[in-house]
Each structure stands twice: as C-alpha cells, then as structure tokens.
>>> print(open('coords-v3.cif').read())   # mmCIF, C-alpha atoms
data_query
loop_
_atom_site.label_atom_id
_atom_site.label_comp_id
_atom_site.auth_asym_id
_atom_site.auth_seq_id
_atom_site.Cartn_x
_atom_site.Cartn_y
_atom_site.Cartn_z
CA MET B 854 -37.29 -7.13 5.93
CA PHE B 855 -33.65 -6.55 5.19
CA ASN B 856 -31.58 -3.37 5.30
CA ASN B 857 -30.44 -1.35 2.31
CA LEU B 858 -26.85 -1.92 1.18
CA ASP B 859 -24.44 0.82 2.27
CA SER B 860 -24.09 3.10 -0.78
CA ILE B 861 -20.49 3.99 0.13
CA LEU B 862 -19.40 0.37 -0.08
CA HIS B 863 -21.64 -0.43 -3.02
CA SER B 864 -18.90 0.28 -5.53
CA GLN B 865 -16.49 -2.27 -6.91
CA THR B 866 -13.33 -0.33 -6.03
CA ARG B 867 -14.40 0.89 -2.60
CA LEU B 868 -15.64 -2.58 -1.66
CA ALA B 869 -12.32 -4.08 -2.76
CA ILE B 870 -10.33 -1.46 -0.80
CA ILE B 871 -12.30 -2.04 2.38
CA SER B 872 -12.09 -5.85 1.99
CA ILE B 873 -8.31 -5.64 1.60
CA LEU B 874 -7.94 -3.33 4.61
CA MET B 875 -10.10 -5.68 6.70
CA GLY B 876 -7.39 -8.34 6.43
CA VAL B 877 -4.28 -6.24 7.09
CA GLU B 878 -2.92 -3.79 9.64
CA GLU B 879 -2.29 -1.13 6.98
CA ALA B 880 -1.66 -0.96 3.25
CA GLU B 881 0.20 1.56 1.14
CA PHE B 882 -1.34 3.31 -1.84
CA THR B 883 0.97 1.44 -4.24
CA ALA B 884 -0.11 -1.94 -2.84
CA LEU B 885 -3.81 -1.04 -3.12
CA LYS B 886 -3.23 0.15 -6.70
CA GLU B 887 -1.50 -3.09 -7.58
CA ILE B 888 -4.15 -5.33 -6.02
CA THR B 889 -7.24 -3.45 -7.23
CA LYS B 890 -5.73 -2.69 -10.66
CA VAL B 891 -7.34 0.75 -10.87
CA SER B 892 -5.69 3.96 -12.03
CA ALA B 893 -3.97 6.14 -9.44
CA GLY B 894 -6.50 8.93 -10.02
CA ASN B 895 -9.50 6.70 -9.54
CA LEU B 896 -8.00 5.04 -6.47
CA SER B 897 -7.23 8.41 -4.96
CA LEU B 898 -10.83 9.51 -5.54
CA GLN B 899 -12.27 6.37 -3.93
CA LEU B 900 -9.89 6.62 -0.96
CA ASP B 901 -10.95 10.22 -0.39
CA LYS B 902 -14.59 9.17 -0.41
CA LEU B 903 -13.91 6.44 2.17
CA LYS B 904 -11.93 8.90 4.26
CA GLU B 905 -14.68 11.54 4.10
CA ASN B 906 -17.06 8.96 5.54
CA GLU B 907 -14.49 8.02 8.21
CA TYR B 908 -14.25 4.41 7.01
CA ILE B 909 -10.48 4.69 6.67
CA THR B 910 -7.65 6.90 7.83
CA ILE B 911 -4.97 8.10 5.44
CA GLN B 912 -1.50 8.97 6.68
CA LYS B 913 0.94 10.72 4.37
CA ASP B 914 4.64 10.88 5.12
CA PHE B 915 8.04 10.41 3.48
CA ARG B 916 10.39 7.45 3.16
CA ASN B 917 13.82 8.14 1.68
CA LYS B 918 12.50 11.44 0.35
CA TYR B 919 9.63 9.70 -1.49
CA PRO B 920 6.04 10.32 -0.40
CA VAL B 921 4.23 7.32 1.09
CA THR B 922 0.47 7.09 1.65
CA ARG B 923 -0.67 4.55 4.23
CA CYS B 924 -4.31 3.52 4.66
CA ARG B 925 -5.94 1.87 7.67
CA ILE B 926 -9.52 0.83 8.25
CA THR B 927 -11.32 2.54 11.17
CA LYS B 928 -13.78 1.00 13.66
CA LYS B 929 -16.59 2.68 11.74
CA GLY B 930 -15.27 1.08 8.54
CA ILE B 931 -15.13 -2.37 10.15
CA LEU B 932 -18.72 -2.04 11.41
CA ALA B 933 -19.89 -0.80 7.99
CA PHE B 934 -18.20 -3.75 6.26
CA GLU B 935 -19.70 -6.24 8.70
CA ASP B 936 -23.17 -4.71 8.20
CA TYR B 937 -22.67 -4.81 4.45
CA VAL B 938 -21.75 -8.51 4.49
CA GLU B 939 -24.70 -9.25 6.80
CA THR B 940 -27.14 -7.47 4.47
CA LEU B 941 -25.60 -9.23 1.49
CA LYS B 942 -26.20 -12.55 3.23
CA GLN B 943 -29.88 -11.65 3.67
CA TYR B 944 -30.16 -10.81 -0.04
CA LEU B 945 -28.57 -14.11 -0.96
CA ASP B 946 -30.90 -16.04 1.35
CA ILE B 947 -33.96 -14.38 -0.23
CA LYS B 948 -32.58 -15.11 -3.69
CA LYS B 949 -32.02 -18.75 -2.73
CA LEU B 950 -35.59 -19.04 -1.40
CA ASN B 951 -36.99 -17.57 -4.62
CA LEU B 952 -34.98 -20.05 -6.68
CA GLU B 953 -36.23 -22.97 -4.61
CA LYS B 954 -39.84 -21.87 -5.16
CA MET Z 738 -11.75 -2.08 -11.98
CA GLU Z 739 -14.80 -0.06 -12.91
CA ASN Z 740 -17.32 1.46 -10.54
CA GLN Z 741 -20.73 0.10 -11.40
CA ASN Z 742 -23.79 -1.45 -9.84
CA LEU Z 743 -22.96 -4.93 -8.71
CA THR Z 744 -24.84 -8.19 -8.40
CA SER Z 745 -24.66 -10.09 -5.10
CA GLU Z 746 -22.40 -12.71 -6.70
CA GLU Z 747 -20.00 -10.05 -7.97
CA GLN Z 748 -19.87 -8.46 -4.53
CA ILE Z 749 -19.11 -11.78 -2.87
CA SER Z 750 -16.40 -12.47 -5.43
CA ILE Z 751 -14.77 -9.02 -4.85
CA ILE Z 752 -14.78 -9.56 -1.09
CA GLU Z 753 -13.40 -13.11 -1.43
CA ASN Z 754 -10.60 -12.10 -3.80
CA SER Z 755 -9.59 -9.08 -1.72
CA LEU Z 756 -9.54 -11.05 1.53
CA LYS Z 757 -7.53 -13.77 -0.20
CA HIS Z 758 -4.97 -11.14 -1.25
CA SER Z 759 -4.75 -9.84 2.32
CA SER Z 760 -4.28 -13.28 3.83
CA LYS Z 761 -1.43 -14.01 1.38
CA GLN Z 762 0.72 -11.21 2.81
CA LYS Z 763 3.80 -12.49 4.64
CA THR Z 764 5.21 -10.79 7.72
CA GLY Z 765 8.93 -11.19 6.95
CA ALA Z 766 9.39 -12.78 10.40
CA SER Z 767 11.31 -15.66 8.81
CA ASN Z 768 14.38 -13.44 8.39
CA TYR Z 769 14.55 -12.69 12.13
CA TYR Z 770 13.99 -16.36 12.97
CA ILE Z 771 16.90 -17.30 10.71
CA ILE Z 772 19.19 -14.57 12.13
CA TRP Z 773 18.55 -15.40 15.80
CA GLY Z 774 18.12 -19.12 15.08
CA ALA Z 775 21.73 -19.09 13.85
CA ILE Z 776 23.26 -16.56 16.29
CA LEU Z 777 21.97 -18.07 19.55
CA PRO Z 778 22.88 -21.73 18.85
CA ALA Z 779 26.32 -20.52 17.72
CA TYR Z 780 26.70 -18.72 21.08
CA PHE Z 781 25.59 -21.76 23.09
CA ILE Z 782 27.75 -24.18 21.07
CA VAL Z 783 30.78 -21.96 21.78
CA GLN Z 784 29.92 -22.09 25.52
CA PHE Z 785 29.55 -25.87 25.29
CA LEU Z 786 32.94 -26.24 23.58
CA ASN Z 787 34.58 -23.92 26.10
CA VAL Z 788 33.35 -25.87 29.12
CA HIS Z 789 33.80 -29.26 27.44
CA LEU Z 790 37.28 -28.83 25.94
CA ARG Z 791 38.73 -26.10 28.18
CA THR Z 792 41.45 -24.91 25.79
CA ASP Z 793 42.84 -21.41 25.34
CA PHE Z 794 41.26 -21.21 21.92
CA THR Z 795 37.76 -22.09 23.16
CA ALA Z 796 38.21 -19.61 26.04
CA LEU Z 797 39.03 -16.91 23.47
CA LEU Z 798 36.02 -17.94 21.38
CA SER Z 799 33.84 -17.74 24.48
CA ASP Z 800 35.02 -14.19 25.15
CA ILE Z 801 34.34 -13.21 21.55
CA SER Z 802 30.93 -14.92 21.55
CA MET Z 803 29.33 -12.08 23.53
CA SER Z 804 29.71 -10.00 20.37
CA PHE Z 805 27.36 -12.45 18.58
CA TYR Z 806 24.48 -10.63 20.29
CA ALA Z 807 25.67 -7.32 18.90
CA LEU Z 808 25.97 -8.93 15.46
CA GLY Z 809 22.40 -10.29 15.79
CA GLY Z 810 21.17 -6.85 16.82
CA LEU Z 811 22.95 -5.21 13.87
CA LEU Z 812 21.61 -7.77 11.37
CA SER Z 813 18.08 -7.38 12.80
CA PHE Z 814 18.36 -3.60 12.51
CA LEU Z 815 19.51 -3.82 8.88
CA GLN Z 816 16.73 -6.30 8.12
CA SER Z 817 14.10 -4.03 9.67
CA ARG Z 818 15.33 -1.12 7.53
CA LYS Z 819 15.10 -3.34 4.46
CA ASP Z 820 11.58 -4.43 5.48
CA ASP Z 821 10.52 -0.80 5.95
CA LYS Z 822 11.65 -0.10 2.40
CA ASN Z 823 9.95 -3.07 0.76
CA GLU Z 824 6.84 -3.70 2.86
CA THR Z 825 3.84 -2.02 1.26
CA VAL Z 826 1.28 -3.98 3.27
CA ILE Z 827 1.51 -4.76 6.98
CA PRO Z 828 -0.27 -8.04 7.76
CA LEU Z 829 -2.35 -8.42 10.93
CA ASN Z 830 0.00 -11.17 12.23
CA GLU Z 831 2.86 -8.70 12.47
CA LYS Z 832 1.57 -7.35 15.79
CA VAL Z 833 1.59 -10.86 17.29
CA TYR Z 834 5.28 -11.30 16.49
CA LYS Z 835 6.15 -7.78 17.63
CA TYR Z 836 4.51 -7.93 21.06
CA ALA Z 837 5.50 -11.56 21.74
CA TRP Z 838 9.19 -10.93 21.06
CA ILE Z 839 9.28 -7.56 22.84
CA GLY Z 840 7.85 -9.41 25.87
CA ALA Z 841 10.48 -12.12 25.52
CA SER Z 842 13.30 -9.58 25.26
CA ILE Z 843 12.11 -7.84 28.45
CA GLY Z 844 11.94 -11.22 30.24
CA ILE Z 845 15.42 -12.25 29.13
CA GLY Z 846 16.83 -8.79 29.93
CA VAL Z 847 15.40 -8.84 33.46
CA MET Z 848 16.74 -12.37 33.95
CA SER Z 849 20.23 -11.35 32.81
CA ILE Z 850 20.22 -8.41 35.26
CA SER Z 851 19.17 -10.68 38.13
CA GLN Z 852 21.98 -13.19 37.53
CA GLY Z 853 23.84 -12.01 40.61
CA TYR Z 854 21.07 -13.22 42.92
CA SER Z 855 21.05 -16.81 41.68
CA ASN Z 856 23.31 -19.63 42.83
CA ASN Z 857 22.78 -21.62 39.69
CA PHE Z 858 22.46 -18.96 37.03
CA ILE Z 859 23.57 -21.03 34.04
CA GLU Z 860 20.93 -23.69 34.65
CA LEU Z 861 18.26 -21.05 35.23
CA PHE Z 862 19.38 -19.13 32.12
CA CYS Z 863 19.18 -22.21 29.86
CA ILE Z 864 15.78 -23.24 31.27
CA ILE Z 865 14.27 -19.77 30.92
CA ILE Z 866 15.63 -19.28 27.38
CA LEU Z 867 14.08 -22.58 26.26
CA LEU Z 868 10.85 -21.89 28.16
CA ILE Z 869 10.38 -18.36 26.78
CA PHE Z 870 11.30 -19.29 23.21
CA GLY Z 871 9.22 -22.47 23.36
CA LEU Z 872 6.14 -20.83 24.84
CA ILE Z 873 6.21 -17.84 22.48
CA ASN Z 874 6.66 -19.96 19.38
CA PHE Z 875 3.94 -22.35 20.53
CA ILE Z 876 1.48 -19.44 20.90
CA ILE Z 877 2.54 -17.70 17.66
CA GLY Z 878 2.35 -21.02 15.79
CA GLY Z 879 -1.18 -21.54 17.12
CA VAL Z 880 -2.33 -18.01 16.25
CA THR Z 881 -0.79 -18.03 12.76
CA ASN Z 882 -1.61 -21.68 12.07
CA PHE Z 883 2.02 -22.60 11.37
CA LYS Z 884 2.71 -26.12 12.65
CA PRO Z 885 6.57 -26.11 12.57
CA LEU Z 886 6.50 -23.32 15.20
CA ILE Z 887 4.09 -25.30 17.40
CA ILE Z 888 6.21 -28.47 17.14
CA GLY Z 889 9.47 -26.53 17.67
CA GLY Z 890 7.96 -24.80 20.70
CA VAL Z 891 6.88 -28.09 22.29
CA LEU Z 892 10.24 -29.78 21.58
CA SER Z 893 12.04 -26.80 23.08
CA MET Z 894 9.97 -27.00 26.27
CA LEU Z 895 10.45 -30.78 26.49
CA LEU Z 896 14.23 -30.35 26.33
CA ILE Z 897 14.02 -28.39 29.61
CA ILE Z 898 13.56 -31.75 31.39
CA LEU Z 899 17.11 -32.74 30.40
CA ILE Z 900 18.82 -29.57 31.63
CA PRO Z 901 18.86 -30.25 35.41
CA LEU Z 902 19.99 -33.82 34.66
CA SER Z 903 23.01 -32.85 32.55
CA THR Z 904 26.45 -31.44 33.26
CA ILE Z 905 27.12 -27.75 32.71
CA ASP Z 906 28.62 -28.17 29.20
CA TYR Z 907 25.65 -30.20 27.97
CA LYS Z 908 23.20 -27.63 29.36
CA PHE Z 909 24.60 -25.25 26.71
CA LEU Z 910 24.40 -27.88 23.98
CA ILE Z 911 20.77 -28.73 24.82
CA THR Z 912 19.87 -25.02 24.74
CA ALA Z 913 21.53 -24.68 21.32
CA ILE Z 914 19.57 -27.68 20.00
CA GLY Z 915 16.33 -26.28 21.44
CA ILE Z 916 16.82 -22.96 19.63
CA LEU Z 917 17.65 -24.74 16.39
CA PHE Z 918 14.33 -26.58 16.69
CA ASN Z 919 12.21 -23.58 17.56
CA CYS Z 920 13.88 -20.77 15.58
CA LEU Z 921 16.19 -21.76 12.75
CA ILE Z 922 14.23 -24.72 11.33
CA PRO Z 923 10.79 -23.03 11.46
CA GLY Z 924 12.40 -19.81 10.13
CA LEU Z 925 13.82 -21.61 7.10
CA MET Z 926 10.49 -23.38 6.56
CA MET Z 927 8.67 -20.02 6.77
CA LYS Z 928 10.96 -18.51 4.16
CA TYR Z 929 10.91 -21.35 1.68
CA THR Z 930 7.29 -22.55 1.90
CA ARG Z 931 4.15 -20.80 0.79
CA ALA Z 932 2.84 -20.49 4.37
CA ASN Z 933 1.39 -17.04 5.08
CA VAL Z 934 3.31 -16.30 8.27
#
>>> encode(input="coords-v3.cif", output="structure tokens")
Amino acid sequence: MFNNLDSILHSQTRLAIISILMGVEEAEFTALKEITKVSAGNLSLQLDKLKENEYITIQKDFRNKYPVTRCRITKKGILAFEDYVETLKQYLDIKKLNLEK
Amino acid sequence: MENQNLTSEEQISIIENSLKHSSKQKTGASNYYIIWGAILPAYFIVQFLNVHLRTDFTALLSDISMSFYALGGLLSFLQSRKDDKNETVIPLNEKVYKYAWIGASIGIGVMSISQGYSNNFIELFCIIILLIFGLINFIIGGVTNFKPLIIGGVLSMLLIILIPLSTIDYKFLITAIGILFNCLIPGLMMKYTRANV
C-alpha cells in the first residue's frame, strides 16, 4: 500500500512555496508573492501554517528602514517534500497500471 | 492561486513550475567576474609594460597599480550593497561562489605574506594565481554546469606551463591573459546569456 499525502503540503499555495524553497537558499516574501501570484494575506497565512509545522523558518528584519521577511526551508520541510513526491509517484504508478488494464 | 484539492497531475505541474522558477534565479556572480576580470589583467599588463619598457612613466604606473586592488575591493563592496538591495531570492549556487572565492582569497593572502621566504616570488605568484583561479573556476563551472568557466579554468591552468619558460615581463602578460580567459570572458558570457549561474 502507499502512504497518505501530507495534508500540510496538499494545498496549491503551500506546495508551490515549498517547491520554490527547495531550489533556493532563501526567498523573500515579495519574491514568493510574485512567483505564486497569491495575495499578501493568503501568502502570509500559508507561510504561518508551514512555520507552525516547522517546515520553514521565517526571519524578519529591516533593510534601509523597510521590513524584509526571509523564508528558508528546514530539514523537516525537505524530508516532508521528498516524502510527498515519493507518495505522489506511487499514486501515479497505480493510476498508470489502472489505465493499462 | 487558490487552495483546493488537487489532482496528481496538478500537483506535479505545481512542483515542476516552482522548481523551474527556482532554477532560473541568477547569482549575480557575473558582476564580480567582470570587475576582477578587468582589474587583475590591468594590474598584470602594467607590470608587464614596466618590466618590458622600463620607462619612468611605466614605473609610475606600476606604483599606482597597487591601488587597482583597492578599486576592485571598493567596486565589489558597492556591488554587494546593490545586490543586497535587489536580490529577493538567494540561489543555492551562491554558496559555491562564496566559499570558493573566500578560500582563494585566503590562499592568495597567505602567499603574499610569505613572499619574503621565496627566491623566485614573481614566478611563484603568477603560477599560484593562475592555478587558484583556474582550479576554482573549473570546479564552479562543473557544479553550475557553465562551460565557459570550465574551459577558462583549463586554459588558465595550461598557461602555467609557459610561465617558467618565459622571461619575467612575459610571466605578467601570461597571467593577465589567463585571468582574461577565466574571469572576464566567462563573466561577460554569464551576464549576457540566459545561463542560470
């Protein structure tokens, strides 16, 4: 049998955020907003949820008097993403088998 | 982007698109390659002219040329401040550049301090500069998949063969050519191509 998909990552925005953070050292809130094309409020909500589950860390500081929010993926987040992709692969394999039948 | 239940295909497409976005992020290293790829050859060409022509003017230029390093440092500092302002995403490759060039700076610094112990410092200096620059760019080019850095690195290391065979003035010229190959040319190619380096 295959595992259940991680409910934290099973959301379009959260999955996109984690996938982006997998490929970079860190990303600022403005960059994530631009890439994911979600509203600031929604993005903030999804980031908080990922942070609560320790999938990402959020660092807030100032640059030229303007606030900057930087996000990084944690080890737990990397493992969760890898598990998620692995489970997804299993689903796709089953789907493929069913189609072949 | 709405939050909703997703099909497997949609999930794969989200992951693919997001990873594609991440891999498109450039490091901004090209600016430093261009700065130092211009400053260092200029320094070595001045040394070449000074030894080759031996005029008062070239001697004066040679004295002034030490300030090229300060100029390079200042331009790098200004560039890093500009990068800090504009960079909203830090690509994974950035760490490779950072650690490789910090290592190189330590190596070159230690070598400069130890110049008093060597009988043939100029030859050693030119060889080590080409070796360090060549080796670092070869490795970075391999890691980031950027061929001009690999080729420049190899050419730079091959030029080392000529240094012991040439007179002191040409040692400087060969070093300048080596740095043009492994810094300035790849730096310009980084900046003006779509490569994600």
>>> atom_distance(input="coords-v3.cif", atom1="atom CA of Ile865 of chain Z", atom2="atom CA of Arg791 of chain Z")
25.4 Å
>>> residues_near_point(input="coords-v3.cif", point="(-1.6, -1.5, 1.5)", cutoff="9 Å", atoms="only C-alpha atoms", output="VMD selection string")
(chain B and resid 873 to 874 877 to 886 888 922 to 925) or (chain Z and resid 759 824 to 827)
>>> interface_residues(input="coords-v3.cif", of="chain Z", to="chain B", cutoff="9 Å", atoms="only C-alpha atoms", output="number ranges by chain")
Z: 738-743, 745-749, 751-760, 762, 821-822, 824-832
>>> resolve_selection(input="coords-v3.cif", expression="the PyMOL selection byres ((chain Z and resi 816) around 12)", output="list in words")
Gly765, Ala766, Ser767, Asn768, Tyr769, Tyr770, Ile771, Ile772, Gly809, Gly810, Leu811, Leu812, Ser813, Phe814, Leu815, Ser817, Arg818, Lys819, Asp820, Asp821, Lys822, Asn823 and Glu824 of chain Z
>>> atom_distance(input="coords-v3.cif", atom1="atom CA of Lys761 of chain Z", atom2="atom CA of Ile887 of chain Z")
20.4 Å
>>> atom_distance(input="coords-v3.cif", atom1="atom CA of Tyr908 of chain B", atom2="atom CA of Thr927 of chain B")
5.4 Å
>>> closest_residue(input="coords-v3.cif", among="B:Asp901, B:Glu907, B:Asp859, B:Asp914", to="Gly930 of chain B", atoms="all atoms listed in the file")
B:Glu907
>>> closest_residue(input="coords-v3.cif", among="Z:Leu867, Z:Met803, Z:Met927, Z:Ile839", to="Tyr780 of chain Z", atoms="only C-alpha atoms")
Z:Met803
>>> residues_around(input="coords-v3.cif", residues="Lys908 of chain Z", least_positions_apart="3", cutoff="9 Å", atoms="all atoms listed in the file", output="list in words")
Phe781, Phe785, Ile859, Glu860, Cys863, Ile864, Leu899, Ile900, Pro901, Leu902, Ser903, Thr904, Ile905, Ile911, Thr912 and Ala913 of chain Z
>>> write_last_selection(input="coords-v3.cif", atoms="C-alpha atoms", output="JSON list (two decimals), keeping the file's coordinate frame")
[["chain", "number", "residue", "atom", "x", "y", "z"],
["Z", 781, "PHE", "CA", 25.59, -21.76, 23.09],
["Z", 785, "PHE", "CA", 29.55, -25.87, 25.29],
["Z", 859, "ILE", "CA", 23.57, -21.03, 34.04],
["Z", 860, "GLU", "CA", 20.93, -23.69, 34.65],
["Z", 863, "CYS", "CA", 19.18, -22.21, 29.86],
["Z", 864, "ILE", "CA", 15.78, -23.24, 31.27],
["Z", 899, "LEU", "CA", 17.11, -32.74, 30.40],
["Z", 900, "ILE", "CA", 18.82, -29.57, 31.63],
["Z", 901, "PRO", "CA", 18.86, -30.25, 35.41],
["Z", 902, "LEU", "CA", 19.99, -33.82, 34.66],
["Z", 903, "SER", "CA", 23.01, -32.85, 32.55],
["Z", 904, "THR", "CA", 26.45, -31.44, 33.26],
["Z", 905, "ILE", "CA", 27.12, -27.75, 32.71],
["Z", 911, "ILE", "CA", 20.77, -28.73, 24.82],
["Z", 912, "THR", "CA", 19.87, -25.02, 24.74],
["Z", 913, "ALA", "CA", 21.53, -24.68, 21.32]]
>>> closest_residue(input="coords-v3.cif", among="B:Lys904, B:Gly894, B:Phe915, B:Leu858", to="Glu935 of chain B", atoms="all atoms listed in the file")
B:Leu858
>>> resolve_selection(input="coords-v3.cif", expression="the PyMOL selection byres ((chain Z and resi 877) around 12)", output="VMD selection string")
chain Z and resid 766 830 to 838 870 to 876 878 to 890 919 to 920 923 934
>>> write_last_selection(input="coords-v3.cif", atoms="C-alpha atoms", output="mmCIF file, keeping the file's coordinate frame")
data_model
loop_
_atom_site.group_PDB
_atom_site.id
_atom_site.type_symbol
_atom_site.label_atom_id
_atom_site.label_comp_id
_atom_site.auth_asym_id
_atom_site.auth_seq_id
_atom_site.Cartn_x
_atom_site.Cartn_y
_atom_site.Cartn_z
ATOM 1 C CA ALA Z 766 9.390 -12.780 10.400
ATOM 2 C CA ASN Z 830 0.000 -11.170 12.230
ATOM 3 C CA GLU Z 831 2.860 -8.700 12.470
ATOM 4 C CA LYS Z 832 1.570 -7.350 15.790
ATOM 5 C CA VAL Z 833 1.590 -10.860 17.290
ATOM 6 C CA TYR Z 834 5.280 -11.300 16.490
ATOM 7 C CA LYS Z 835 6.150 -7.780 17.630
ATOM 8 C CA TYR Z 836 4.510 -7.930 21.060
ATOM 9 C CA ALA Z 837 5.500 -11.560 21.740
ATOM 10 C CA TRP Z 838 9.190 -10.930 21.060
ATOM 11 C CA PHE Z 870 11.300 -19.290 23.210
ATOM 12 C CA GLY Z 871 9.220 -22.470 23.360
ATOM 13 C CA LEU Z 872 6.140 -20.830 24.840
ATOM 14 C CA ILE Z 873 6.210 -17.840 22.480
ATOM 15 C CA ASN Z 874 6.660 -19.960 19.380
ATOM 16 C CA PHE Z 875 3.940 -22.350 20.530
ATOM 17 C CA ILE Z 876 1.480 -19.440 20.900
ATOM 18 C CA GLY Z 878 2.350 -21.020 15.790
ATOM 19 C CA GLY Z 879 -1.180 -21.540 17.120
ATOM 20 C CA VAL Z 880 -2.330 -18.010 16.250
ATOM 21 C CA THR Z 881 -0.790 -18.030 12.760
ATOM 22 C CA ASN Z 882 -1.610 -21.680 12.070
ATOM 23 C CA PHE Z 883 2.020 -22.600 11.370
ATOM 24 C CA LYS Z 884 2.710 -26.120 12.650
ATOM 25 C CA PRO Z 885 6.570 -26.110 12.570
ATOM 26 C CA LEU Z 886 6.500 -23.320 15.200
ATOM 27 C CA ILE Z 887 4.090 -25.300 17.400
ATOM 28 C CA ILE Z 888 6.210 -28.470 17.140
ATOM 29 C CA GLY Z 889 9.470 -26.530 17.670
ATOM 30 C CA GLY Z 890 7.960 -24.800 20.700
ATOM 31 C CA ASN Z 919 12.210 -23.580 17.560
ATOM 32 C CA CYS Z 920 13.880 -20.770 15.580
ATOM 33 C CA PRO Z 923 10.790 -23.030 11.460
ATOM 34 C CA VAL Z 934 3.310 -16.300 8.270
#
>>> closest_residue(input="coords-v3.cif", among="Z:Ile897, Z:Tyr907, Z:Leu921, Z:Leu861", to="Leu786 of chain Z", atoms="only C-alpha atoms")
Z:Tyr907
>>> residues_around(input="coords-v3.cif", residues="Asn906 of chain B", least_positions_apart="3", cutoff="10 Å", atoms="only C-alpha atoms", output="PyMOL selection string")
chain B and resi 861+900-903+909-910+929-930
>>> decode(input="coords-v3.cif", residues="segment 869-896 of chain Z", atoms="C-alpha atoms", output="JSON list (two decimals), in the first residue's frame")
[["chain", "number", "residue", "atom", "x", "y", "z"],
["Z", 869, "ILE", "CA", 43.92, 29.01, -7.92],
["Z", 870, "PHE", "CA", 41.76, 30.91, -10.40],
["Z", 871, "GLY", "CA", 41.83, 28.03, -12.89],
["Z", 872, "LEU", "CA", 41.02, 25.34, -10.36],
["Z", 873, "ILE", "CA", 38.21, 27.31, -8.70],
["Z", 874, "ASN", "CA", 36.57, 28.23, -11.98],
["Z", 875, "PHE", "CA", 36.90, 24.66, -13.24],
["Z", 876, "ILE", "CA", 35.08, 23.35, -10.13],
["Z", 877, "ILE", "CA", 32.43, 26.11, -10.10],
["Z", 878, "GLY", "CA", 31.85, 25.61, -13.84],
["Z", 879, "GLY", "CA", 31.35, 21.88, -13.24],
["Z", 880, "VAL", "CA", 28.98, 22.39, -10.30],
["Z", 881, "THR", "CA", 26.91, 25.09, -12.01],
["Z", 882, "ASN", "CA", 27.08, 23.47, -15.45],
["Z", 883, "PHE", "CA", 28.58, 26.57, -17.09],
["Z", 884, "LYS", "CA", 31.05, 25.51, -19.79],
["Z", 885, "PRO", "CA", 32.88, 28.85, -20.36],
["Z", 886, "LEU", "CA", 34.12, 28.66, -16.73],
["Z", 887, "ILE", "CA", 35.34, 25.08, -17.23],
["Z", 888, "ILE", "CA", 37.15, 25.97, -20.47],
["Z", 889, "GLY", "CA", 38.59, 29.19, -18.98],
["Z", 890, "GLY", "CA", 39.78, 27.25, -15.93],
["Z", 891, "VAL", "CA", 41.55, 24.63, -18.03],
["Z", 892, "LEU", "CA", 43.15, 27.24, -20.32],
["Z", 893, "SER", "CA", 44.34, 29.16, -17.27],
["Z", 894, "MET", "CA", 45.98, 26.05, -15.80],
["Z", 895, "LEU", "CA", 47.55, 25.15, -19.16],
["Z", 896, "LEU", "CA", 49.16, 28.60, -19.37]]
